[in-house]
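A.B. asks: One file: work.tsv (TSV, C-alpha atoms).
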chain	number	residue	atom	x	y	z
A	1170	MET	CA	0.00	0.00	0.00
A	1171	LYS	CA	2.80	2.39	0.96
A	1172	VAL	CA	4.77	1.56	-2.20
A	1173	LYS	CA	1.67	2.33	-4.27
A	1174	GLY	CA	1.29	5.66	-2.45
A	1175	TYR	CA	4.89	6.67	-3.14
A	1176	LEU	CA	4.51	5.63	-6.77
A	1177	LEU	CA	1.35	7.71	-7.14
A	1178	ALA	CA	3.06	10.73	-5.55
A	1179	ALA	CA	5.92	10.39	-8.03
A	1180	ILE	CA	3.48	10.04	-10.95
A	1181	SER	CA	1.63	13.18	-9.80
A	1182	ALA	CA	4.82	15.26	-9.67
A	1183	ILE	CA	6.30	13.91	-12.91
A	1184	SER	CA	3.10	14.36	-14.91
A	1185	TYR	CA	2.73	17.96	-13.72
A	1186	GLY	CA	6.38	18.56	-14.56
A	1187	LEU	CA	5.61	17.65	-18.18
A	1188	ILE	CA	3.76	20.95	-18.74
A	1189	PRO	CA	6.61	22.44	-20.84
A	1190	LEU	CA	6.32	19.44	-23.19
A	1191	PHE	CA	2.80	20.56	-24.14
A	1192	ILE	CA	2.84	24.33	-23.70
A	1193	LEU	CA	6.09	25.31	-25.42
A	1194	PRO	CA	5.06	24.02	-28.89
A	1195	VAL	CA	1.77	25.93	-28.52
A	1196	LYS	CA	3.63	29.15	-27.69
A	1197	ALA	CA	6.05	28.55	-30.56
A	1198	SER	CA	3.16	28.11	-33.01
A	1199	HIS	CA	1.58	31.38	-31.75
A	1200	PHE	CA	-1.75	29.63	-31.21
A	1201	SER	CA	-3.96	31.35	-28.64
A	1202	LEU	CA	-2.77	30.47	-25.14
A	1203	ASP	CA	-6.14	31.45	-23.66
A	1204	THR	CA	-7.94	29.02	-25.99
A	1205	THR	CA	-5.39	26.31	-25.16
A	1206	LEU	CA	-5.87	26.75	-21.42
A	1207	PHE	CA	-9.65	26.91	-21.75
A	1208	TYR	CA	-9.62	23.49	-23.42
A	1209	ARG	CA	-7.06	22.15	-20.93
A	1210	PHE	CA	-9.22	23.00	-17.93
A	1211	PHE	CA	-12.57	22.25	-19.57
A	1212	ILE	CA	-11.53	18.81	-20.87
A	1213	ALA	CA	-9.91	18.00	-17.51
A	1214	ALA	CA	-13.11	19.04	-15.71
A	1215	MET	CA	-15.14	16.71	-17.96
A	1216	PHE	CA	-12.82	13.81	-17.11
A	1217	ILE	CA	-13.32	14.47	-13.38
A	1218	LEU	CA	-17.07	14.92	-13.90
A	1219	GLY	CA	-17.24	11.47	-15.49
A	1220	TYR	CA	-15.53	10.01	-12.43
A	1221	LEU	CA	-17.93	11.80	-10.05
A	1222	ILE	CA	-20.94	10.51	-12.00
A	1223	TYR	CA	-19.46	7.00	-11.91
A	1224	LYS	CA	-19.04	7.28	-8.11
A	1225	LYS	CA	-22.58	8.72	-7.87
A	1226	GLU	CA	-21.34	11.74	-5.94
A	1227	ARG	CA	-23.76	14.66	-5.73
A	1228	LEU	CA	-22.59	17.87	-7.40
A	1229	ARG	CA	-24.83	20.25	-5.44
A	1230	VAL	CA	-23.13	22.86	-3.25
A	1231	ASN	CA	-24.58	25.62	-1.09
A	1232	ARG	CA	-24.09	29.34	-1.77
A	1233	SER	CA	-21.09	29.87	0.50
A	1234	GLU	CA	-19.35	26.78	-0.89
A	1235	PHE	CA	-20.09	27.98	-4.42
A	1236	MET	CA	-18.34	31.30	-3.77
A	1237	ILE	CA	-15.33	29.53	-2.25
A	1238	LEU	CA	-15.10	27.19	-5.25
A	1239	VAL	CA	-15.27	30.16	-7.64
A	1240	LEU	CA	-12.37	31.72	-5.72
A	1241	LEU	CA	-10.40	28.47	-5.92
A	1242	GLY	CA	-10.97	28.35	-9.68
A	1243	LEU	CA	-9.77	31.94	-10.02
A	1244	PHE	CA	-6.62	31.29	-7.97
A	1245	TYR	CA	-5.84	28.12	-9.96
A	1246	ALA	CA	-6.37	29.91	-13.28
A	1247	LEU	CA	-4.22	32.89	-12.25
A	1248	SER	CA	-1.44	30.56	-11.13
A	1249	ALA	CA	-1.40	29.02	-14.62
A	1250	GLU	CA	-1.68	32.47	-16.22
A	1251	PHE	CA	1.34	33.85	-14.38
A	1252	LEU	CA	3.40	30.67	-14.88
A	1253	PHE	CA	3.00	30.73	-18.65
A	1254	MET	CA	3.64	34.49	-18.71
A	1255	GLY	CA	6.83	33.70	-16.82
A	1256	TYR	CA	7.88	31.37	-19.64
A	1257	ASP	CA	8.24	34.49	-21.83
A	1258	TYR	CA	10.92	35.89	-19.50
A	1259	LEU	CA	12.54	32.83	-17.93
A	1260	SER	CA	13.31	29.36	-19.16
A	1261	PRO	CA	10.61	26.78	-18.37
A	1262	GLY	CA	13.03	24.95	-16.08
A	1263	ILE	CA	13.74	28.05	-13.99
A	1264	ALA	CA	10.08	29.14	-13.95
A	1265	SER	CA	8.92	25.67	-12.84
A	1266	THR	CA	11.55	25.61	-10.11
A	1267	ILE	CA	10.49	29.02	-8.77
A	1268	LEU	CA	6.84	27.85	-8.80
A	1269	PHE	CA	7.90	25.07	-6.43
A	1270	VAL	CA	8.56	27.60	-3.62
A	1271	TYR	CA	4.80	27.76	-2.96
A	1272	PRO	CA	5.01	25.68	0.29
A	1273	VAL	CA	7.29	28.37	1.74
A	1274	ILE	CA	4.78	31.07	0.68
A	1275	VAL	CA	2.00	29.02	2.34
A	1276	ALA	CA	4.02	29.04	5.57
A	1277	LEU	CA	4.48	32.82	5.35
A	1278	ILE	CA	0.75	33.38	4.70
A	1279	MET	CA	-0.12	31.22	7.71
A	1280	THR	CA	2.36	33.19	9.84
A	1281	PHE	CA	1.29	36.71	8.87
A	1282	PHE	CA	-2.45	36.24	8.32
A	1283	PHE	CA	-3.36	33.34	10.61
A	1284	LYS	CA	-0.85	34.16	13.37
A	1285	GLU	CA	0.81	30.76	13.30
A	1286	LYS	CA	4.16	30.72	15.07
A	1287	ILE	CA	7.11	30.82	12.69
A	1288	THR	CA	9.81	28.28	13.52
A	1289	VAL	CA	13.56	28.44	13.12
A	1290	LEU	CA	13.32	25.77	10.43
A	1291	THR	CA	10.81	27.87	8.47
A	1292	ILE	CA	13.15	30.88	8.61
A	1293	LEU	CA	16.05	28.65	7.52
A	1294	SER	CA	14.02	27.28	4.61
A	1295	LEU	CA	13.14	30.83	3.52
A	1296	VAL	CA	16.80	31.91	3.57
A	1297	ILE	CA	17.93	28.83	1.61
A	1298	THR	CA	15.09	29.27	-0.90
A	1299	ILE	CA	16.01	32.93	-1.48
A	1300	ALA	CA	19.65	31.86	-1.94
A	1301	GLY	CA	18.45	29.34	-4.54
A	1302	ILE	CA	16.53	32.03	-6.45
A	1303	ILE	CA	19.64	34.23	-6.43
A	1304	ALA	CA	21.72	31.29	-7.71
A	1305	LEU	CA	19.24	30.75	-10.55
A	1306	SER	CA	19.82	34.38	-11.50
A	1307	ALA	CA	23.61	34.07	-11.63
A	1308	LYS	CA	25.29	34.23	-15.01
A	1309	ASP	CA	29.03	34.22	-15.67
A	1310	GLY	CA	29.75	34.86	-12.01
A	1311	ALA	CA	27.44	37.89	-11.78
A	1312	LEU	CA	23.79	38.39	-10.93
A	1313	ASP	CA	21.59	38.73	-13.99
A	1314	ILE	CA	18.09	38.80	-12.51
A	1315	ASN	CA	15.21	39.09	-14.93
A	1316	LEU	CA	13.10	40.98	-12.41
A	1317	PRO	CA	9.78	40.96	-14.35
A	1318	GLY	CA	10.10	37.20	-14.97
A	1319	LEU	CA	10.99	36.54	-11.33
A	1320	LEU	CA	8.09	38.60	-9.98
A	1321	ILE	CA	5.58	37.13	-12.45
A	1322	THR	CA	6.60	33.55	-11.61
A	1323	LEU	CA	6.54	34.30	-7.88
A	1324	GLY	CA	3.01	35.58	-8.56
A	1325	SER	CA	2.16	32.14	-9.94
A	1326	ALA	CA	3.57	30.49	-6.80
A	1327	THR	CA	1.63	32.95	-4.61
A	1328	PHE	CA	-1.71	32.22	-6.28
A	1329	TYR	CA	-1.07	28.47	-5.97
A	1330	ALA	CA	-0.20	28.99	-2.29
A	1331	LEU	CA	-3.46	30.93	-1.83
A	1332	TYR	CA	-5.30	28.04	-3.48
A	1333	MET	CA	-3.76	25.62	-0.98
A	1334	VAL	CA	-4.55	27.88	2.00
A	1335	VAL	CA	-8.21	28.27	0.99
A	1336	VAL	CA	-8.57	24.50	0.44
A	1337	ASN	CA	-7.18	23.86	3.93
A	1338	LYS	CA	-8.98	26.66	5.78
A	1339	ALA	CA	-12.37	26.95	4.05
A	1340	LYS	CA	-15.31	24.86	5.20
A	1341	ILE	CA	-16.27	22.85	2.14
A	1342	ASN	CA	-18.30	19.69	2.59
A	1343	ALA	CA	-16.92	17.95	-0.49
A	1344	SER	CA	-14.43	15.30	-1.55
A	1345	GLY	CA	-11.07	16.17	-3.06
A	1346	PHE	CA	-12.33	15.19	-6.51
A	1347	LYS	CA	-15.42	17.38	-6.20
A	1348	ILE	CA	-13.29	20.38	-5.19
A	1349	THR	CA	-10.95	19.61	-8.09
A	1350	PHE	CA	-13.86	19.43	-10.53
A	1351	TYR	CA	-15.21	22.85	-9.59
A	1352	SER	CA	-11.72	24.38	-9.47
A	1353	LEU	CA	-11.06	23.19	-13.02
A	1354	LEU	CA	-14.52	24.18	-14.22
A	1355	PHE	CA	-14.22	27.75	-12.91
A	1356	SER	CA	-10.67	27.98	-14.28
A	1357	ALA	CA	-12.15	27.08	-17.67
A	1358	VAL	CA	-14.80	29.79	-17.20
A	1359	PHE	CA	-12.02	32.32	-16.49
A	1360	TYR	CA	-10.26	31.51	-19.77
A	1361	PHE	CA	-13.55	31.36	-21.68
A	1362	GLY	CA	-14.16	34.91	-20.49
A	1363	LYS	CA	-10.73	35.97	-21.71
A	1364	VAL	CA	-11.36	34.37	-25.10
A	1365	LEU	CA	-14.61	36.35	-25.43
A	1366	ILE	CA	-13.10	39.63	-24.23
A	1367	PHE	CA	-10.13	39.44	-26.61
A	1368	LYS	CA	-12.31	38.05	-29.41
A	1369	GLU	CA	-10.19	34.95	-29.93
A	1370	SER	CA	-11.44	31.88	-31.75
A	1371	LEU	CA	-12.49	28.69	-29.97
A	1372	LEU	CA	-12.15	26.69	-33.18
A	1373	ILE	CA	-9.56	23.93	-33.11
A	1374	PRO	CA	-7.94	23.88	-36.58
A	1375	SER	CA	-7.08	20.17	-36.66
A	1376	VAL	CA	-7.94	16.81	-35.11
A	1377	GLU	CA	-4.28	16.43	-34.13
A	1378	LEU	CA	-4.43	19.63	-32.08
A	1379	PHE	CA	-7.61	18.42	-30.36
A	1380	PHE	CA	-5.83	15.23	-29.29
A	1381	ASN	CA	-2.87	17.33	-28.11
A	1382	PHE	CA	-5.23	19.40	-25.93
A	1383	THR	CA	-6.80	16.21	-24.58
A	1384	ALA	CA	-3.40	14.72	-23.76
A	1385	PHE	CA	-2.34	18.03	-22.16
A	1386	ALA	CA	-5.48	18.06	-19.99
A	1387	PHE	CA	-5.27	14.40	-19.03
A	1388	VAL	CA	-1.53	14.10	-18.29
A	1389	THR	CA	-0.78	17.43	-16.57
A	1390	THR	CA	-4.12	17.92	-14.84
A	1391	VAL	CA	-6.35	14.84	-14.46
A	1392	LEU	CA	-3.55	12.30	-13.92
A	1393	SER	CA	-1.51	14.66	-11.74
A	1394	MET	CA	-4.39	15.75	-9.49
A	1395	SER	CA	-5.97	12.30	-9.21
A	1396	ALA	CA	-2.65	10.67	-8.31
A	1397	LEU	CA	-2.07	13.46	-5.77
A	1398	VAL	CA	-5.41	12.83	-4.02
A	1399	TYR	CA	-4.78	9.08	-3.74
A	1400	ALA	CA	-1.15	9.56	-2.70
A	1401	ILE	CA	-2.14	11.86	0.17
A	1402	LYS	CA	-4.74	9.30	1.31
A	1403	SER	CA	-2.16	6.52	1.16
A	1404	ILE	CA	1.05	8.03	2.58
A	1405	GLY	CA	0.05	11.44	3.91
A	1406	SER	CA	0.70	15.00	2.79
A	1407	THR	CA	4.34	15.31	3.91
A	1408	PRO	CA	5.87	12.42	1.88
A	1409	THR	CA	3.66	13.42	-1.05
A	1410	SER	CA	4.93	17.00	-0.85
A	1411	ILE	CA	8.54	15.84	-0.64
A	1412	LEU	CA	8.15	13.70	-3.76
A	1413	GLY	CA	6.70	16.80	-5.39
A	1414	ALA	CA	10.35	17.81	-5.84
A	1415	LEU	CA	10.30	15.60	-8.94
A	1416	GLU	CA	8.04	18.21	-10.57
A	1417	PRO	CA	10.66	20.96	-11.22
A	1418	VAL	CA	13.32	18.32	-11.87
A	1419	MET	CA	11.16	16.84	-14.64
A	1420	ALA	CA	10.42	20.30	-16.06
A	1421	VAL	CA	14.13	21.08	-16.20
A	1422	ALA	CA	14.86	17.70	-17.81
A	1423	VAL	CA	12.23	18.30	-20.51
A	1424	SER	CA	13.57	21.81	-21.14
A	1425	VAL	CA	17.17	20.61	-21.39
A	1426	VAL	CA	16.59	17.46	-23.47
A	1427	LEU	CA	13.84	18.61	-25.82
A	1428	PHE	CA	14.10	22.41	-25.90
A	1429	HIS	CA	17.88	22.86	-25.55
A	1430	GLU	CA	17.96	24.79	-22.29
A	1431	ILE	CA	21.58	25.02	-21.13
A	1432	LEU	CA	22.20	23.14	-17.88
A	1433	THR	CA	24.60	25.52	-16.15
A	1434	SER	CA	26.22	25.08	-12.75
A	1435	SER	CA	24.23	28.04	-11.39
A	1436	LEU	CA	20.99	26.39	-12.56
A	1437	MET	CA	21.88	23.11	-10.81
A	1438	ILE	CA	22.95	24.91	-7.61
A	1439	GLY	CA	19.80	27.04	-7.64
A	1440	ILE	CA	17.54	24.01	-8.10
A	1441	ALA	CA	19.37	22.13	-5.32
A	1442	LEU	CA	19.04	25.07	-2.89
A	1443	ILE	CA	15.36	25.67	-3.63
A	1444	LEU	CA	14.53	21.98	-3.27
A	1445	THR	CA	16.48	21.86	0.01
A	1446	GLY	CA	14.71	24.96	1.33
A	1447	VAL	CA	11.28	23.62	0.43
A	1448	MET	CA	12.05	20.20	1.94
A	1449	ILE	CA	13.10	21.82	5.22
A	1450	ASN	CA	9.85	23.80	5.25
A	1451	ILE	CA	7.74	20.69	4.57
A	1452	ILE	CA	9.47	18.75	7.35
A	1453	SER	CA	9.10	21.74	9.69
A	1454	GLU	CA	5.34	21.91	9.02
A	1455	SER	CA	5.04	18.16	9.61
A	1456	VAL	CA	6.81	18.44	12.97
A	1457	LYS	CA	4.57	21.39	13.90
A	1458	GLU	CA	1.39	19.44	13.03
A	1459	LYS	CA	2.50	16.43	15.09
A	1460	ALA	CA	3.27	18.68	18.06
A	1461	VAL	CA	-0.19	20.26	17.87
A	1462	ALA	CA	-1.86	16.85	17.54
A	1463	SER	CA	-0.09	15.51	20.61
Have the structure of the file written as structure tokens, please.
C.D. replies:
Amino acid sequence: MKVKGYLLAAISAISYGLIPLFILPVKASHFSLDTTLFYRFFIAAMFILGYLIYKKERLRVNRSEFMILVLLGLFYALSAEFLFMGYDYLSPGIASTILFVYPVIVALIMTFFFKEKITVLTILSLVITIAGIIALSAKDGALDINLPGLLITLGSATFYALYMVVVNKAKINASGFKITFYSLLFSAVFYFGKVLIFKESLLIPSVELFFNFTAFAFVTTVLSMSALVYAIKSIGSTPTSILGALEPVMAVAVSVVLFHEILTSSLMIGIALILTGVMINIISESVKEKAVAS
């Protein structure tokens, strides 16, 4: 059972880390990113809806839950929006690695807005993570920070952190899959609105592109989120979060192997520091939760 849980956690992280494999060709072809993301989230929501119908789970929610789910969808959509904007300024490997600092941002939100006590380990993780971001910005022995790209990608991590905080703090009487369904559905509504506002076309020019959208939705969203839910049930949130480190590693691997990103020493050091900082934060939060429980 435990082995299956670890395997599912790894599958979740790896499949999410494959985002550059699908999104970079779309950006290179200059096809509408808003249309692409609308279909990604809508198709993914339909997959999850099929599962909910199969499990005979009721879809009804009350008014307060509806508003929370709309907010979750907005946060999830904005996280994707800022991440793919970050791809225009930073390499996908660097952007995906910076996105992975979201657990540290969650800890900071809980400290400043929910008055949770900040631990020495959390401070240490923050310092190491910042050092990793600085290392990612190093070039030829000097700092070469693309400030807009860094801030945009940190915005993506912040919206994902807000998503996680709302999921944990809001009172929603629903399963993980039901929350995921509505999050994806309202993310799709967000991008549908953008398509209408900017008068972009929803037409898919070829059957091949439709299958690409379906694969994008299934691999990076349905498979990743479903495996995540089952992994947390099987082995808990801490080991699942730790194995989430495979996500930026996979994104960097895809960028290096398929899209010719240069694997520099500063990139490797930066990734190692950020992963170390995030791991320390995850372990710190686990220790804190156990202390509260006891």
A.B. asks: For CA of Thr1288 in chain A and CA of Gly1174 in chain A, quote the distance in Å rounded to one decimal.
C.D. replies: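 Here the two named atoms are 29.0 Å from each other.
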A.B. asks: Quick one: pull the distance between CA of Leu1316 in chain A and CA of Leu1259 in chain A, Å, one decimal.
C.D. replies: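 About the pair CA of Leu1316 in chain A and CA of Leu1259 in chain A: they are 9.9 Å apart.
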A.B. asks: For the atom pair CA of Ser1393 in chain A and CA of Phe1346 in chain A, what is the interatomic distance in Å to one decimal place?
C.D. replies: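 Computing the Euclidean distance for CA of Ser1393 in chain A and CA of Phe1346 in chain A yields 12.0 Å.
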A.B. asks: Using all atoms listed in the file, determine which residues lie at most 12 Å from Ala1197 in chain A, disregarding the query and same-chain residues fewer than 5 positions distant; provide the list as a PyMOL selection string.
C.D. replies: chain A and resi 1189-1192+1202+1256-1257+1428
A.B. asks: Just the selected residues (C-alpha atoms), exported as a PDB file, in the coordinates of the input, please.
C.D. replies:
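Ended up saving to again.pdb:
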ATOM      1  CA  PRO A1189       6.610  22.440 -20.840  1.00  0.00           C
ATOM      2  CA  LEU A1190       6.320  19.440 -23.190  1.00  0.00           C
ATOM      3  CA  PHE A1191       2.800  20.560 -24.140  1.00  0.00           C
ATOM      4  CA  ILE A1192       2.840  24.330 -23.700  1.00  0.00           C
ATOM      5  CA  LEU A1202      -2.770  30.470 -25.140  1.00  0.00           C
ATOM      6  CA  TYR A1256       7.880  31.370 -19.640  1.00  0.00           C
ATOM      7  CA  ASP A1257       8.240  34.490 -21.830  1.00  0.00           C
ATOM      8  CA  PHE A1428      14.100  22.410 -25.900  1.00  0.00           C
TER       9      PHE A1428
END
A.B. asks: Write out as a ChimeraX atom specification which residues come within 10 Å of Ala1182 in chain A when counting all atoms listed in the file, dropping same-chain ones fewer than 2 positions away.
C.D. replies: /A:1177-1180,1184-1187,1389,1392-1394,1396-1397,1409-1420
A.B. asks: Selection from above, C-alpha atoms, as a compact mmCIF listing (two decimals), in the frame of the given file, can you write it?
C.D. replies:
# COMPACT_ATOMS: atom_id res chain seq x y z
CA LEU A 1177 1.35 7.71 -7.14
CA ALA A 1178 3.06 10.73 -5.55
CA ALA A 1179 5.92 10.39 -8.03
CA ILE A 1180 3.48 10.04 -10.95
CA SER A 1184 3.10 14.36 -14.91
CA TYR A 1185 2.73 17.96 -13.72
CA GLY A 1186 6.38 18.56 -14.56
CA LEU A 1187 5.61 17.65 -18.18
CA THR A 1389 -0.78 17.43 -16.57
CA LEU A 1392 -3.55 12.30 -13.92
CA SER A 1393 -1.51 14.66 -11.74
CA MET A 1394 -4.39 15.75 -9.49
CA ALA A 1396 -2.65 10.67 -8.31
CA LEU A 1397 -2.07 13.46 -5.77
CA THR A 1409 3.66 13.42 -1.05
CA SER A 1410 4.93 17.00 -0.85
CA ILE A 1411 8.54 15.84 -0.64
CA LEU A 1412 8.15 13.70 -3.76
CA GLY A 1413 6.70 16.80 -5.39
CA ALA A 1414 10.35 17.81 -5.84
CA LEU A 1415 10.30 15.60 -8.94
CA GLU A 1416 8.04 18.21 -10.57
CA PRO A 1417 10.66 20.96 -11.22
CA VAL A 1418 13.32 18.32 -11.87
CA MET A 1419 11.16 16.84 -14.64
CA ALA A 1420 10.42 20.30 -16.06
A.B. asks: Hey, what's within 12 Å of range 1279-1283 of chain A if we count all atoms listed in the file and toss same-chain stuff fewer than 3 positions away? As a list of chain:residue names, please?
C.D. replies: A:Pro1272, A:Val1273, A:Ile1274, A:Val1275, A:Ala1276, A:Lys1286, A:Ile1287, A:Thr1288, A:Thr1291, A:Ile1292, A:Ala1330, A:Leu1331, A:Met1333, A:Val1334, A:Val1335, A:Asn1337, A:Lys1338, A:Glu1454
A.B. asks: Tell me, as a list in words, which residues lie within 12 Å of Gly1345 in chain A, counting all atoms listed in the file; anything in the same chain fewer than 2 positions away does not count.
C.D. replies: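 Counting all atoms listed in the file, the residues come to Ile1217, Leu1221, Glu1226, Leu1238, Val1336, Asn1337, Ile1341, Asn1342, Ala1343, Lys1347, Ile1348, Thr1349, Phe1350, Tyr1351, Ser1352, Met1394, Ser1395, Ala1396, Leu1397, Val1398, Tyr1399, Ala1400, Ile1401 and Lys1402 of chain A.
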A.B. asks: Could you give me, as a PyMOL selection string, the residues that have an atom at most 12 Å away from the point (-21.6, 27.5, -1.3) in the coordinates of the file, using only C-alpha atoms?
C.D. replies: chain A and resi 1228-1240+1339-1343+1348+1351
A.B. asks: Any chance you could export the current selection's C-alpha atoms as a PDB file, in the coordinates of the input?
C.D. replies:
ATOM      1  CA  LEU A1228     -22.590  17.870  -7.400  1.00  0.00           C
ATOM      2  CA  ARG A1229     -24.830  20.250  -5.440  1.00  0.00           C
ATOM      3  CA  VAL A1230     -23.130  22.860  -3.250  1.00  0.00           C
ATOM      4  CA  ASN A1231     -24.580  25.620  -1.090  1.00  0.00           C
ATOM      5  CA  ARG A1232     -24.090  29.340  -1.770  1.00  0.00           C
ATOM      6  CA  SER A1233     -21.090  29.870   0.500  1.00  0.00           C
ATOM      7  CA  GLU A1234     -19.350  26.780  -0.890  1.00  0.00           C
ATOM      8  CA  PHE A1235     -20.090  27.980  -4.420  1.00  0.00           C
ATOM      9  CA  MET A1236     -18.340  31.300  -3.770  1.00  0.00           C
ATOM     10  CA  ILE A1237     -15.330  29.530  -2.250  1.00  0.00           C
ATOM     11  CA  LEU A1238     -15.100  27.190  -5.250  1.00  0.00           C
ATOM     12  CA  VAL A1239     -15.270  30.160  -7.640  1.00  0.00           C
ATOM     13  CA  LEU A1240     -12.370  31.720  -5.720  1.00  0.00           C
ATOM     14  CA  ALA A1339     -12.370  26.950   4.050  1.00  0.00           C
ATOM     15  CA  LYS A1340     -15.310  24.860   5.200  1.00  0.00           C
ATOM     16  CA  ILE A1341     -16.270  22.850   2.140  1.00  0.00           C
ATOM     17  CA  ASN A1342     -18.300  19.690   2.590  1.00  0.00           C
ATOM     18  CA  ALA A1343     -16.920  17.950  -0.490  1.00  0.00           C
ATOM     19  CA  ILE A1348     -13.290  20.380  -5.190  1.00  0.00           C
ATOM     20  CA  TYR A1351     -15.210  22.850  -9.590  1.00  0.00           C
TER      21      TYR A1351
END
A.B. asks: Counting all atoms listed in the file, figure out which residue out of A:Val1391, A:Met1254, A:Leu1378, A:Ile1440 gets nearest to Leu1353 in chain A.
C.D. replies: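 Under the stated criterion, the closest residue is A:Val1391.
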A.B. asks: Would you please work out which residue, of A:Ala1357, A:Ile1314, A:Met1448, A:Val1172, is nearest to Phe1244 in chain A when using all atoms listed in the file?
C.D. replies: A:Ala1357
A.B. asks: Ranking A:Leu1268, A:Ala1386, A:Leu1295, A:Ile1302 by minimum distance to Leu1206 in chain A and counting all atoms listed in the file, which one comes first?
C.D. replies: A:Ala1386
A.B. asks: Which residue gives the smallest distance to Ile1299 in chain A among A:Glu1250, A:Val1447, A:Tyr1220, A:Ala1384, with all atoms listed in the file counted?
C.D. replies: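 Answer, going by the shortest atom-to-atom distance: A:Val1447.
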A.B. asks: Residues within 8 Å of Ala1441 in chain A, please, as a PyMOL selection string. Count all atoms listed in the file; anything in the same chain fewer than 4 positions from it doesn't count.
C.D. replies: chain A and resi 1301+1437+1445
A.B. asks: Using all atoms listed in the file, which of A:Thr1298, A:Ser1356, A:Ser1344, A:Ser1370 sits nearest Asn1450 in chain A?
C.D. replies: A:Thr1298
A.B. asks: In terms of the shortest atom-to-atom distance over all atoms listed in the file, which of A:Thr1390, A:Ser1453, A:Thr1433, A:Asn1315 is closest to Ile1303 in chain A?
C.D. replies: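 Of the candidates, the smallest distance to Ile1303 in chain A is held by A:Asn1315.
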